[in-house]
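One file, target_0.pdb, is given below (PDB, C-alpha atoms).
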```pdb
ATOM      1  CA  MET A   1      10.374  30.056 -18.353  1.00  0.00           C
ATOM      2  CA  LEU A   2      10.203  31.846 -14.999  1.00  0.00           C
ATOM      3  CA  LEU A   3       8.139  29.383 -12.973  1.00  0.00           C
ATOM      4  CA  GLY A   4       7.782  31.788 -10.073  1.00  0.00           C
ATOM      5  CA  HIS A   5       5.490  33.976 -12.201  1.00  0.00           C
ATOM      6  CA  TYR A   6       2.865  31.251 -12.544  1.00  0.00           C
ATOM      7  CA  PRO A   7       0.251  30.246  -9.937  1.00  0.00           C
ATOM      8  CA  PRO A   8       0.712  26.800  -8.337  1.00  0.00           C
ATOM      9  CA  SER A   9      -2.343  25.425 -10.143  1.00  0.00           C
ATOM     10  CA  ASP A  10      -0.831  26.244 -13.551  1.00  0.00           C
ATOM     11  CA  LEU A  11       2.451  24.595 -12.578  1.00  0.00           C
ATOM     12  CA  PHE A  12       0.593  21.511 -11.359  1.00  0.00           C
ATOM     13  CA  LEU A  13      -1.225  21.239 -14.697  1.00  0.00           C
ATOM     14  CA  LEU A  14       2.039  21.801 -16.578  1.00  0.00           C
ATOM     15  CA  LEU A  15       3.745  19.010 -14.625  1.00  0.00           C
ATOM     16  CA  ILE A  16       0.957  16.533 -15.321  1.00  0.00           C
ATOM     17  CA  ASN A  17       0.814  17.361 -19.024  1.00  0.00           C
ATOM     18  CA  LYS A  18       4.583  17.139 -19.453  1.00  0.00           C
ATOM     19  CA  LEU A  19       4.718  13.758 -17.689  1.00  0.00           C
ATOM     20  CA  ARG A  20       1.932  12.468 -19.894  1.00  0.00           C
ATOM     21  CA  ALA A  21       3.650  13.770 -23.018  1.00  0.00           C
ATOM     22  CA  LYS A  22       7.039  12.321 -22.056  1.00  0.00           C
ATOM     23  CA  TYR A  23       5.881   8.838 -21.108  1.00  0.00           C
ATOM     24  CA  GLY A  24       2.803   8.556 -23.311  1.00  0.00           C
ATOM     25  CA  ARG A  25       0.668   7.312 -20.444  1.00  0.00           C
ATOM     26  CA  ASN A  26      -1.998   8.657 -18.127  1.00  0.00           C
ATOM     27  CA  VAL A  27      -0.589  10.168 -14.948  1.00  0.00           C
ATOM     28  CA  ALA A  28      -1.362   8.698 -11.530  1.00  0.00           C
ATOM     29  CA  VAL A  29      -1.820  11.376  -8.880  1.00  0.00           C
ATOM     30  CA  LEU A  30      -1.113  10.552  -5.217  1.00  0.00           C
ATOM     31  CA  ILE A  31      -1.830  13.254  -2.628  1.00  0.00           C
ATOM     32  CA  ASP A  32      -1.114  12.670   1.065  1.00  0.00           C
ATOM     33  CA  GLU A  33      -2.581  14.864   3.834  1.00  0.00           C
ATOM     34  CA  TYR A  34      -4.301  17.192   1.401  1.00  0.00           C
ATOM     35  CA  ASP A  35      -5.727  19.281   4.253  1.00  0.00           C
ATOM     36  CA  LYS A  36      -2.587  19.699   6.384  1.00  0.00           C
ATOM     37  CA  PRO A  37      -1.986  23.365   5.422  1.00  0.00           C
ATOM     38  CA  ILE A  38      -5.469  24.194   6.729  1.00  0.00           C
ATOM     39  CA  GLN A  39      -5.004  22.204   9.937  1.00  0.00           C
ATOM     40  CA  ASP A  40      -1.691  23.915  10.622  1.00  0.00           C
ATOM     41  CA  ASN A  41      -3.389  27.313  10.478  1.00  0.00           C
ATOM     42  CA  ILE A  42      -6.787  26.545  11.985  1.00  0.00           C
ATOM     43  CA  ASP A  43      -6.193  29.162  14.700  1.00  0.00           C
ATOM     44  CA  ASN A  44      -5.867  31.837  11.994  1.00  0.00           C
ATOM     45  CA  PRO A  45      -9.280  31.778  10.235  1.00  0.00           C
ATOM     46  CA  ASP A  46      -8.386  34.324   7.557  1.00  0.00           C
ATOM     47  CA  LEU A  47      -5.201  32.533   6.577  1.00  0.00           C
ATOM     48  CA  ALA A  48      -6.898  29.118   6.731  1.00  0.00           C
ATOM     49  CA  GLU A  49      -9.639  30.358   4.394  1.00  0.00           C
ATOM     50  CA  ALA A  50      -7.084  31.817   1.987  1.00  0.00           C
ATOM     51  CA  ILE A  51      -5.240  28.490   1.973  1.00  0.00           C
ATOM     52  CA  ARG A  52      -8.496  26.621   1.376  1.00  0.00           C
ATOM     53  CA  LYS A  53      -9.209  28.763  -1.696  1.00  0.00           C
ATOM     54  CA  THR A  54      -5.668  28.246  -2.995  1.00  0.00           C
ATOM     55  CA  LEU A  55      -5.960  24.486  -2.536  1.00  0.00           C
ATOM     56  CA  MET A  56      -9.362  24.481  -4.237  1.00  0.00           C
ATOM     57  CA  ASN A  57      -7.814  26.100  -7.325  1.00  0.00           C
ATOM     58  CA  PHE A  58      -4.766  23.836  -7.109  1.00  0.00           C
ATOM     59  CA  TYR A  59      -6.705  20.575  -6.925  1.00  0.00           C
ATOM     60  CA  GLY A  60      -9.319  21.862  -9.372  1.00  0.00           C
ATOM     61  CA  VAL A  61      -6.708  21.330 -12.066  1.00  0.00           C
ATOM     62  CA  LEU A  62      -7.409  17.597 -11.858  1.00  0.00           C
ATOM     63  CA  LYS A  63     -10.857  18.193 -13.327  1.00  0.00           C
ATOM     64  CA  ALA A  64      -9.366  19.728 -16.469  1.00  0.00           C
ATOM     65  CA  VAL A  65      -6.620  17.169 -17.028  1.00  0.00           C
ATOM     66  CA  GLU A  66      -7.136  15.011 -20.086  1.00  0.00           C
ATOM     67  CA  GLY A  67      -6.243  11.395 -19.560  1.00  0.00           C
ATOM     68  CA  ARG A  68      -5.938  11.648 -15.789  1.00  0.00           C
ATOM     69  CA  GLY A  69      -5.246   8.201 -14.447  1.00  0.00           C
ATOM     70  CA  PHE A  70      -5.529   6.746 -10.976  1.00  0.00           C
ATOM     71  CA  THR A  71      -5.999   9.379  -8.270  1.00  0.00           C
ATOM     72  CA  PHE A  72      -5.646   8.608  -4.550  1.00  0.00           C
ATOM     73  CA  ILE A  73      -6.031  11.281  -1.878  1.00  0.00           C
ATOM     74  CA  THR A  74      -5.653  11.030   1.897  1.00  0.00           C
ATOM     75  CA  GLY A  75      -6.415  13.524   4.621  1.00  0.00           C
ATOM     76  CA  VAL A  76      -7.867  13.943   8.077  1.00  0.00           C
ATOM     77  CA  THR A  77     -11.022  15.860   7.224  1.00  0.00           C
ATOM     78  CA  LYS A  78     -13.750  14.459   5.013  1.00  0.00           C
ATOM     79  CA  PHE A  79     -13.172  16.088   1.647  1.00  0.00           C
ATOM     80  CA  THR A  80     -16.862  16.944   1.191  1.00  0.00           C
ATOM     81  CA  HIS A  81     -16.656  19.100   4.344  1.00  0.00           C
ATOM     82  CA  THR A  82     -13.877  21.363   3.089  1.00  0.00           C
ATOM     83  CA  SER A  83     -15.273  22.248  -0.375  1.00  0.00           C
ATOM     84  CA  ILE A  84     -11.739  21.956  -1.706  1.00  0.00           C
ATOM     85  CA  PHE A  85     -12.809  19.360  -4.245  1.00  0.00           C
ATOM     86  CA  SER A  86     -16.175  20.921  -5.121  1.00  0.00           C
ATOM     87  CA  GLU A  87     -15.171  21.133  -8.774  1.00  0.00           C
ATOM     88  CA  LEU A  88     -13.747  17.620  -8.805  1.00  0.00           C
ATOM     89  CA  ASN A  89     -17.001  15.686  -8.518  1.00  0.00           C
ATOM     90  CA  ASP A  90     -15.800  12.270  -9.655  1.00  0.00           C
ATOM     91  CA  LEU A  91     -14.072  11.332  -6.395  1.00  0.00           C
ATOM     92  CA  TYR A  92     -15.297   8.373  -4.362  1.00  0.00           C
ATOM     93  CA  ASP A  93     -14.888   8.405  -0.578  1.00  0.00           C
ATOM     94  CA  LEU A  94     -13.816   4.882   0.375  1.00  0.00           C
ATOM     95  CA  THR A  95     -12.874   5.662   3.998  1.00  0.00           C
ATOM     96  CA  LEU A  96     -15.679   3.645   5.568  1.00  0.00           C
ATOM     97  CA  SER A  97     -16.260   1.246   2.700  1.00  0.00           C
ATOM     98  CA  GLY A  98     -16.217  -2.404   3.730  1.00  0.00           C
ATOM     99  CA  LYS A  99     -14.751  -3.284   0.325  1.00  0.00           C
ATOM    100  CA  TYR A 100     -11.557  -1.383   1.150  1.00  0.00           C
ATOM    101  CA  SER A 101     -11.531  -1.789   4.930  1.00  0.00           C
ATOM    102  CA  ASP A 102      -8.164  -3.575   5.011  1.00  0.00           C
ATOM    103  CA  ILE A 103      -6.027  -1.398   2.739  1.00  0.00           C
ATOM    104  CA  CYS A 104      -4.876   1.108   5.375  1.00  0.00           C
ATOM    105  CA  GLY A 105      -3.439  -1.321   7.874  1.00  0.00           C
ATOM    106  CA  LEU A 106      -2.101  -4.833   8.319  1.00  0.00           C
ATOM    107  CA  THR A 107      -4.590  -7.653   8.711  1.00  0.00           C
ATOM    108  CA  ILE A 108      -4.151 -10.491  11.184  1.00  0.00           C
ATOM    109  CA  ASN A 109      -3.471 -12.850   8.299  1.00  0.00           C
ATOM    110  CA  GLU A 110      -0.725 -10.563   6.984  1.00  0.00           C
ATOM    111  CA  LEU A 111       0.817 -10.448  10.431  1.00  0.00           C
ATOM    112  CA  ASP A 112       0.882 -14.254  10.640  1.00  0.00           C
ATOM    113  CA  THR A 113       2.252 -14.810   7.135  1.00  0.00           C
ATOM    114  CA  LEU A 114       4.497 -11.850   6.314  1.00  0.00           C
ATOM    115  CA  PHE A 115       5.966 -11.264   9.771  1.00  0.00           C
ATOM    116  CA  GLN A 116       6.411 -14.826  10.987  1.00  0.00           C
ATOM    117  CA  GLU A 117      10.202 -14.661  10.937  1.00  0.00           C
ATOM    118  CA  TYR A 118      10.252 -11.359  12.851  1.00  0.00           C
ATOM    119  CA  MET A 119       7.772 -12.658  15.395  1.00  0.00           C
ATOM    120  CA  GLU A 120       9.965 -15.694  16.050  1.00  0.00           C
ATOM    121  CA  GLN A 121      12.980 -13.436  16.586  1.00  0.00           C
ATOM    122  CA  ALA A 122      10.964 -11.151  18.864  1.00  0.00           C
ATOM    123  CA  LEU A 123       9.735 -14.127  20.881  1.00  0.00           C
ATOM    124  CA  GLU A 124      13.310 -15.230  21.448  1.00  0.00           C
ATOM    125  CA  THR A 125      14.417 -11.718  22.417  1.00  0.00           C
ATOM    126  CA  LEU A 126      11.508 -11.045  24.757  1.00  0.00           C
ATOM    127  CA  ASN A 127      11.878 -14.405  26.456  1.00  0.00           C
ATOM    128  CA  ALA A 128      15.580 -13.735  26.983  1.00  0.00           C
ATOM    129  CA  ASP A 129      14.773 -10.307  28.466  1.00  0.00           C
ATOM    130  CA  ASP A 130      12.117 -11.806  30.762  1.00  0.00           C
ATOM    131  CA  VAL A 131       9.480  -9.552  29.206  1.00  0.00           C
ATOM    132  CA  LEU A 132       7.216 -12.532  28.634  1.00  0.00           C
ATOM    133  CA  ALA A 133       6.215 -15.128  31.173  1.00  0.00           C
ATOM    134  CA  ASP A 134       8.351 -18.248  31.394  1.00  0.00           C
ATOM    135  CA  GLY A 135       7.509 -20.676  28.643  1.00  0.00           C
ATOM    136  CA  ALA A 136       5.635 -18.138  26.560  1.00  0.00           C
ATOM    137  CA  LYS A 137       4.662 -19.423  23.127  1.00  0.00           C
ATOM    138  CA  MET A 138       3.963 -17.745  19.779  1.00  0.00           C
ATOM    139  CA  ALA A 139       0.264 -17.585  20.645  1.00  0.00           C
ATOM    140  CA  ASP A 140       1.095 -15.539  23.743  1.00  0.00           C
ATOM    141  CA  LEU A 141       3.214 -13.123  21.727  1.00  0.00           C
ATOM    142  CA  ARG A 142       0.538 -12.817  19.058  1.00  0.00           C
ATOM    143  CA  LYS A 143      -2.075 -11.915  21.672  1.00  0.00           C
ATOM    144  CA  LEU A 144       0.225  -9.308  23.160  1.00  0.00           C
ATOM    145  CA  ILE A 145       0.887  -7.798  19.729  1.00  0.00           C
ATOM    146  CA  LEU A 146      -2.853  -7.532  19.159  1.00  0.00           C
ATOM    147  CA  ASP A 147      -3.293  -5.904  22.560  1.00  0.00           C
ATOM    148  CA  TRP A 148      -0.688  -3.279  21.651  1.00  0.00           C
ATOM    149  CA  TYR A 149      -1.244  -2.596  17.960  1.00  0.00           C
ATOM    150  CA  ASP A 150      -4.668  -3.896  16.846  1.00  0.00           C
ATOM    151  CA  GLY A 151      -5.810  -0.337  16.735  1.00  0.00           C
ATOM    152  CA  TYR A 152      -8.715   0.450  14.445  1.00  0.00           C
ATOM    153  CA  SER A 153     -11.476  -0.616  12.095  1.00  0.00           C
ATOM    154  CA  TRP A 154     -12.854   1.306   9.142  1.00  0.00           C
ATOM    155  CA  ASP A 155     -16.069  -0.674   8.697  1.00  0.00           C
ATOM    156  CA  GLY A 156     -16.739  -1.803  12.269  1.00  0.00           C
ATOM    157  CA  LYS A 157     -15.963  -5.409  11.359  1.00  0.00           C
ATOM    158  CA  THR A 158     -12.468  -5.842   9.945  1.00  0.00           C
ATOM    159  CA  ARG A 159      -9.721  -4.862  12.362  1.00  0.00           C
ATOM    160  CA  VAL A 160      -6.298  -3.836  11.151  1.00  0.00           C
ATOM    161  CA  LEU A 161      -2.998  -3.274  12.895  1.00  0.00           C
ATOM    162  CA  ASN A 162      -0.962  -0.106  12.800  1.00  0.00           C
ATOM    163  CA  PRO A 163       1.694  -0.664  10.065  1.00  0.00           C
ATOM    164  CA  TRP A 164       4.149   1.868  11.514  1.00  0.00           C
ATOM    165  CA  SER A 165       4.094   0.217  14.931  1.00  0.00           C
ATOM    166  CA  ILE A 166       4.325  -3.322  13.556  1.00  0.00           C
ATOM    167  CA  LEU A 167       7.293  -2.439  11.355  1.00  0.00           C
ATOM    168  CA  HIS A 168       9.137  -0.834  14.256  1.00  0.00           C
ATOM    169  CA  PHE A 169       8.293  -3.692  16.589  1.00  0.00           C
ATOM    170  CA  SER A 170       9.604  -6.128  13.972  1.00  0.00           C
ATOM    171  CA  GLU A 171      12.815  -4.144  13.680  1.00  0.00           C
ATOM    172  CA  ASN A 172      13.408  -3.640  17.408  1.00  0.00           C
ATOM    173  CA  GLY A 173      11.792  -6.709  18.903  1.00  0.00           C
ATOM    174  CA  GLN A 174      10.459  -4.558  21.752  1.00  0.00           C
ATOM    175  CA  PHE A 175       7.027  -3.201  22.609  1.00  0.00           C
ATOM    176  CA  ASP A 176       6.722   0.570  22.616  1.00  0.00           C
ATOM    177  CA  ASP A 177       4.307   3.355  21.749  1.00  0.00           C
ATOM    178  CA  TYR A 178       5.800   3.844  18.318  1.00  0.00           C
ATOM    179  CA  TRP A 179       2.910   5.629  16.630  1.00  0.00           C
ATOM    180  CA  PRO A 180       2.210   8.280  19.314  1.00  0.00           C
ATOM    181  CA  GLN A 181       5.897   9.182  19.170  1.00  0.00           C
ATOM    182  CA  THR A 182       5.366  10.449  15.608  1.00  0.00           C
ATOM    183  CA  GLY A 183       3.087  13.192  16.914  1.00  0.00           C
ATOM    184  CA  VAL A 184      -0.315  13.555  18.539  1.00  0.00           C
ATOM    185  CA  PRO A 185      -2.845  16.252  17.592  1.00  0.00           C
ATOM    186  CA  SER A 186      -2.370  19.043  20.111  1.00  0.00           C
ATOM    187  CA  PHE A 187      -6.029  19.334  21.027  1.00  0.00           C
ATOM    188  CA  ILE A 188      -6.133  15.679  22.100  1.00  0.00           C
ATOM    189  CA  ALA A 189      -3.030  16.093  24.243  1.00  0.00           C
ATOM    190  CA  ASN A 190      -4.445  19.261  25.817  1.00  0.00           C
ATOM    191  CA  PHE A 191      -7.731  17.592  26.607  1.00  0.00           C
ATOM    192  CA  VAL A 192      -6.052  14.578  28.187  1.00  0.00           C
ATOM    193  CA  LYS A 193      -3.924  16.850  30.373  1.00  0.00           C
ATOM    194  CA  THR A 194      -6.526  19.389  31.461  1.00  0.00           C
ATOM    195  CA  GLY A 195      -9.984  18.059  30.645  1.00  0.00           C
ATOM    196  CA  LYS A 196     -10.648  21.424  28.987  1.00  0.00           C
ATOM    197  CA  MET A 197     -10.462  22.785  25.478  1.00  0.00           C
ATOM    198  CA  SER A 198      -9.504  26.248  24.308  1.00  0.00           C
ATOM    199  CA  TYR A 199     -11.289  27.934  21.417  1.00  0.00           C
ATOM    200  CA  ARG A 200      -8.528  26.775  19.072  1.00  0.00           C
ATOM    201  CA  ASP A 201      -8.787  23.205  20.367  1.00  0.00           C
ATOM    202  CA  LYS A 202     -12.541  23.185  19.845  1.00  0.00           C
ATOM    203  CA  LYS A 203     -12.083  24.289  16.251  1.00  0.00           C
ATOM    204  CA  LEU A 204      -9.532  21.549  15.751  1.00  0.00           C
ATOM    205  CA  ALA A 205     -11.956  19.040  17.242  1.00  0.00           C
ATOM    206  CA  GLU A 206     -14.559  20.166  14.726  1.00  0.00           C
ATOM    207  CA  VAL A 207     -12.076  19.695  11.907  1.00  0.00           C
ATOM    208  CA  TYR A 208     -11.183  16.223  13.083  1.00  0.00           C
ATOM    209  CA  LYS A 209     -14.865  15.372  13.596  1.00  0.00           C
ATOM    210  CA  LEU A 210     -14.128  13.565  16.833  1.00  0.00           C
ATOM    211  CA  ALA A 211     -16.876  12.762  19.283  1.00  0.00           C
ATOM    212  CA  ILE A 212     -15.173  14.020  22.429  1.00  0.00           C
ATOM    213  CA  ALA A 213     -17.093  14.990  25.545  1.00  0.00           C
ATOM    214  CA  TYR A 214     -15.368  17.917  27.182  1.00  0.00           C
ATOM    215  CA  ARG A 215     -15.970  20.438  29.894  1.00  0.00           C
ATOM    216  CA  THR A 216     -16.545  23.995  28.722  1.00  0.00           C
ATOM    217  CA  ASN A 217     -13.766  26.375  29.662  1.00  0.00           C
ATOM    218  CA  SER A 218     -15.497  29.182  31.563  1.00  0.00           C
ATOM    219  CA  SER A 219     -12.761  31.643  30.540  1.00  0.00           C
ATOM    220  CA  ILE A 220     -13.810  31.484  26.882  1.00  0.00           C
TER     221      ILE A 220
END
```

Starting from the file, lay out its structure as structure tokens.
Amino acid sequence: MLLGHYPPSDLFLLLINKLRAKYGRNVAVLIDEYDKPIQDNIDNPDLAEAIRKTLMNFYGVLKAVEGRGFTFITGVTKFTHTSIFSELNDLYDLTLSGKYSDICGLTINELDTLFQEYMEQALETLNADDVLADGAKMADLRKLILDWYDGYSWDGKTRVLNPWSILHFSENGQFDDYWPQTGVPSFIANFVKTGKMSYRDKKLAEVYKLAIAYRTNSSI
């Protein structure tokens, strides 16, 4: 079989069906950053639209799969705003659901129970490096960790810590801006630097659905 002669959607369906046939079980589908190809080409409307249509056909396969099991999809844009999943109408958006508000981050309780050993090591290291005040206790370190990494809430009530930052802090025993180092959306960085947004940045802001007040660039 020459796989290159088949559209991606057909290959996706073939993969799912073969996995199901081989293992005799429903297939779990995990998709991370489903909308990244569109974001990466937001400054090229024609290409972005072509990609959106391709993704719509690709993900539409899930509707036709018999015995599809657990499906979990992440992305930046709300999936109902992209029309990519218009044919897949059995998805449930749990982003802002209070029931699932603690699944995309570490809770305070998880920090206290799962990272206790690392926090004790970090306290010793930071005290030795004079990062903390003399005689600093675990409570002082805990407060500082929350100041650095207690970053967001999905339901406006439950706050969760950034897992990436906590894991790196636990490994290094030092405070740092670990998450921003992985990459910051360009339109945010541009706005912070200049207070202005280009046409491309504005389109990106629309995609991200951020409530950002900005000054209009008179050159646009």

I'd like the contact shell of Lys137 of chain A - 12 Å cut-off, only C-alpha atoms, skipping same-chain residues fewer than 4 positions apart - returned as a list in words.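 Near neighbours after the sequence-gap exclusion: Met119, Glu120, Ala122, Leu123, Glu124, Leu126, Asn127, Leu132, Ala133, Leu141, Arg142, Lys143 and Leu144 of chain A.
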
Close residues, Phe70 of chain A itself excluded, 10 Å, all atoms listed in the file, min 6 positions apart in chain, as a list in words: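 The filter keeps Asn26, Val27, Ala28, Val29 and Leu30 of chain A.
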
Tell me which residues the PyMOL selection byres ((chain A and resi 92) around 12) grabs here, as a PyMOL selection string. chain A and resi 70-74+78-80+85+88-91+93-97+100

Residue nearest Tyr59 of chain A among A:Gly105, A:Pro37, A:Gly75, A:Pro8 (counting only C-alpha atoms):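 Of A:Gly105, A:Pro37, A:Gly75, A:Pro8, the one nearest Tyr59 of chain A, counting only C-alpha atoms, is A:Pro8.
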
Neighbour list for segment 146-151 of chain A as a PyMOL selection string, cut-off 9 Å, all atoms listed in the file, skip fewer than 6 positions in-chain: chain A and resi 106-108+159-163+165-166+175-177

A:Ile84, A:Ala21, A:Asp32, A:Trp179: which is nearest Ile51 of chain A, counting all atoms listed in the file?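 Looking only at the distances to Ile51 of chain A, the closest residue turns out to be A:Ile84.
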
Any chance you could work out the residue set of the PyMOL selection byres ((chain A and resi 154) around 6) here, as a PyMOL selection string? chain A and resi 96+101+153+155-156

Here is a test: counting only C-alpha atoms, which residue of A:Glu49, A:Asp35, A:Glu171, A:Asp10 is nearest to Glu117 of chain A? A:Glu171

Select, counting only C-alpha atoms, all protein, DNA and RNA residues no farther than 10 Å from (-4.3, 28.9, -11.5) in file coordinates, and express the selection as a PDB file with C-alpha atoms, in the frame of the given file.
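Listing of result05.pdb after writing:
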```pdb
ATOM      1  CA  TYR A   6       2.865  31.251 -12.544  1.00  0.00           C
ATOM      2  CA  PRO A   7       0.251  30.246  -9.937  1.00  0.00           C
ATOM      3  CA  PRO A   8       0.712  26.800  -8.337  1.00  0.00           C
ATOM      4  CA  SER A   9      -2.343  25.425 -10.143  1.00  0.00           C
ATOM      5  CA  ASP A  10      -0.831  26.244 -13.551  1.00  0.00           C
ATOM      6  CA  LEU A  11       2.451  24.595 -12.578  1.00  0.00           C
ATOM      7  CA  PHE A  12       0.593  21.511 -11.359  1.00  0.00           C
ATOM      8  CA  LEU A  13      -1.225  21.239 -14.697  1.00  0.00           C
ATOM      9  CA  THR A  54      -5.668  28.246  -2.995  1.00  0.00           C
ATOM     10  CA  MET A  56      -9.362  24.481  -4.237  1.00  0.00           C
ATOM     11  CA  ASN A  57      -7.814  26.100  -7.325  1.00  0.00           C
ATOM     12  CA  PHE A  58      -4.766  23.836  -7.109  1.00  0.00           C
ATOM     13  CA  TYR A  59      -6.705  20.575  -6.925  1.00  0.00           C
ATOM     14  CA  GLY A  60      -9.319  21.862  -9.372  1.00  0.00           C
ATOM     15  CA  VAL A  61      -6.708  21.330 -12.066  1.00  0.00           C
TER      16      VAL A  61
END
```

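Going from atom CA of Leu19 of chain A over to atom CA of Leu62 of chain A, you cover 14.0 Å.
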
Atom CA of Asn172 of chain A and atom CA of Thr158 of chain A, how far apart in Å?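 So the two atoms, atom CA of Thr158 of chain A and atom CA of Asn172 of chain A, lie 27.0 Å apart.
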
Which residue out of A:Gly173, A:Ala136, A:Gly98, A:Ile145 has the minimum interatomic distance to Asp112 of chain A when all atoms listed in the file are used?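 Checking each candidate against Asp112 of chain A, we get A:Ile145 as the closest.
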
To one decimal in Å, tell me the separation between atom CA of His168 of chain A and atom CA of Ile31 of chain A. 24.6 Å

Using only C-alpha atoms, which residue out of A:Asn17, A:Thr77, A:Ala64, A:Ala128 lies closest to Tyr34 of chain A?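 Looking at the shortest contact to Tyr34 of chain A, the residue is A:Thr77.
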